[in-house]
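K.L.:
Structure provided below as structure tokens; questions to follow.
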Amino acid sequence: MSTSKKTVWENYKFSITLIAAIAIGSIIGIIFGEKAIVLKPFGDIFLNLMFTAVTPLVFITIASAVGSMVNMKRLGKILGNMFLTFVVTGLIAAILIIVVVKVFPPAQGVNLELQAADELQKLSFADQIVAALTVNDFSKILSRSNMLPLIVFSIIFGYCVSAVGGEDNVVARALDALSKVMMKFISVIMLYAPIGLGAYFASLIGEFGPQLLGAYARAMAVYYPLCILYFFIAYAAYTYYAGGMDAVKSYFKNIIEPSVTSIATQSSIATLPTNLRAAQRIGVPKDIREIILPIGATMHMDGTVLSSILKISFLFGMFGQEFSGMGTYLTAVMLSVLGGVVMSGVPGGGLIGEMLIVNMYGFPAEAFPIIATIGFLVDPPATWLNATGDTVASMIVTRIVEGKNWMSKKLTQSEEVL
């Protein structure tokens, strides 16, 4: 029993520490009011450290990850259908959350008078896409203001590293080593995060009052019920497509253990062993589940897609901007799917995705800790959907590869039960 408690604490302690620090900072802000603004420089130090590290972090980690992934030999049909499933379910989740936040704006009635987001929505859709994906000078890629072009550049660079030698290439080994260095660098910065975020929120609440806390409560009131409904309705629909009512019943019968594990650990990777067992019991063949579930643990993130657009719409509301327009919606969908399918495979991808949102829409740097806090609050249900959605994806791919009657074939009957 004590081991179980220790494991839960070890998995939750960083999030608990950060939330506790933010709560303490918020209490200080409420008690001392505008006097708490004196603590803002301590928060600015954390922001500056994070924004300084993000550009090399994105390039090195993505280039290293892609350089390794492209070199892996997989069954082409499984991989192709797997990626298609990840993208389609991500798009469905993105469209759903856009509809929900339009009906229930998460930051309605709150308007923070911080530095204006000057560049917000001033470009046409075509110009937004061009500006989002590319820059016209290499030096601009080194700016955190052009994060998406940097990601595109990093993916292409990583592919080229693999194409000329892959894991045996000296460049690939160097990228892997540098990736470990940057992860250590970020971990050192994050040691200061409780102080930095606590101080920042003390000044933020001191200046703007408890209306900010009310906005967080409203955002969670939107997100948590949506995740529950998505799990029971969308995943039931996906599994019905995968194999009819037998697949639906088998999924919900066997997904309890992965659900509990994902919420307890807040980690899709930690949930992988229970997901593998669940998929085997459902009847997903060994080769399919052992390809899709490990990759899905870092690349299939419906919960992340939902939370990304929640964060975007939240910031729009916070800064008095209208979350509307086809260009805004499409770039939000692109960012959320990117966050769910690409950035989630990068260590620290959540924080990088949040900085990407801030920079993409031209919000001031002060917006980052605001949505980073949402990230910590939405993490348990987001991880739950991310992890349990991997098993759903393996069932869909099995249906495409093995045929719609795969459940009746009992493809795992001869295997030893895990």
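Ordered as shown in the structure tokens, chains take letters A, B, and onward, while each chain numbers its residues from 1 and ligands are numbered from 1 in the order shown.
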Can you list, as a CSV table (one decimal) with C-alpha atoms, in the first residue's frame, every protein, DNA or RNA residue that comes within 9 Å of Ala365 (chain A) when you count only C-alpha atoms, leaving out same-chain residues fewer than 5 positions away?
P.N.:
```
chain,number,residue,atom,x,y,z
A,47,LEU,CA,9.7,33.4,-18.6
A,48,ASN,CA,13.0,34.7,-20.1
A,51,PHE,CA,11.8,31.6,-24.0
A,115,GLN,CA,0.4,44.4,-23.7
A,355,MET,CA,4.8,28.8,-26.3
A,358,VAL,CA,1.5,32.4,-27.7
A,359,ASN,CA,3.9,33.3,-30.5
```
K.L.:
With the cut-off set at 8 Å and counting only C-alpha atoms, tabulate each residue of region 291-407 of chain A with an atom at most that distance from an atom of region 95-102 of chain A, showing the nearest atom pair and its distance in Å to one decimal, ordered by chain and increasing number, as a Markdown table.
P.N.:
```
| residue | atom | partner | partner_atom | distance |
| --- | --- | --- | --- | --- |
| A:Leu306 | CA | A:Ile97 | CA | 5.8 |
| A:Ile309 | CA | A:Ile97 | CA | 6.7 |
| A:Leu310 | CA | A:Val101 | CA | 7.0 |
| A:Ser313 | CA | A:Val101 | CA | 6.9 |
| A:Phe323 | CA | A:Lys102 | CA | 7.8 |
| A:Tyr329 | CA | A:Ile98 | CA | 7.6 |
| A:Val333 | CA | A:Ile95 | CA | 7.5 |
```
K.L.:
Give me the residues within 9 Å of Ala193 (chain A) as an MDAnalysis selection string, counting only C-alpha atoms and dropping any in the same chain fewer than 2 places off.
P.N.:
chainID A and resid 18 21 43 46 189:191 195:198
K.L.:
Excluding region 368-371 of chain A and residues on its chain fewer than 2 positions from it, collect all residues at most 9 Å away from it, counting only C-alpha atoms, and give them as a PDB file with C-alpha atoms, in the first residue's frame.
P.N.:
```
ATOM      1  CA  LEU A  47       9.704  33.383 -18.610  1.00  0.00           C
ATOM      2  CA  LEU A 197       5.128  30.832 -11.534  1.00  0.00           C
ATOM      3  CA  TYR A 200       4.117  35.678 -11.411  1.00  0.00           C
ATOM      4  CA  PHE A 201       0.647  34.715 -10.275  1.00  0.00           C
ATOM      5  CA  LYS A 311      -6.106  27.287 -24.519  1.00  0.00           C
ATOM      6  CA  ILE A 312      -6.234  29.263 -27.766  1.00  0.00           C
ATOM      7  CA  PHE A 314      -9.117  31.090 -23.611  1.00  0.00           C
ATOM      8  CA  LEU A 315      -6.340  33.506 -24.573  1.00  0.00           C
ATOM      9  CA  LEU A 351       5.234  23.700 -22.764  1.00  0.00           C
ATOM     10  CA  GLU A 354       1.927  26.516 -25.315  1.00  0.00           C
ATOM     11  CA  MET A 355       4.767  28.836 -26.322  1.00  0.00           C
ATOM     12  CA  ILE A 357       0.341  29.201 -29.352  1.00  0.00           C
ATOM     13  CA  VAL A 358       1.491  32.434 -27.717  1.00  0.00           C
ATOM     14  CA  PHE A 363       0.098  37.338 -27.743  1.00  0.00           C
ATOM     15  CA  PRO A 364       2.475  38.984 -25.250  1.00  0.00           C
ATOM     16  CA  ALA A 365       4.922  36.806 -23.296  1.00  0.00           C
ATOM     17  CA  GLU A 366       2.781  37.228 -20.182  1.00  0.00           C
ATOM     18  CA  THR A 373      -1.476  26.796 -15.793  1.00  0.00           C
ATOM     19  CA  ILE A 374      -4.398  25.516 -17.865  1.00  0.00           C
ATOM     20  CA  GLY A 375      -2.031  22.836 -19.125  1.00  0.00           C
ATOM     21  CA  PHE A 376      -1.431  21.589 -15.570  1.00  0.00           C
TER      22      PHE A 376
END
```
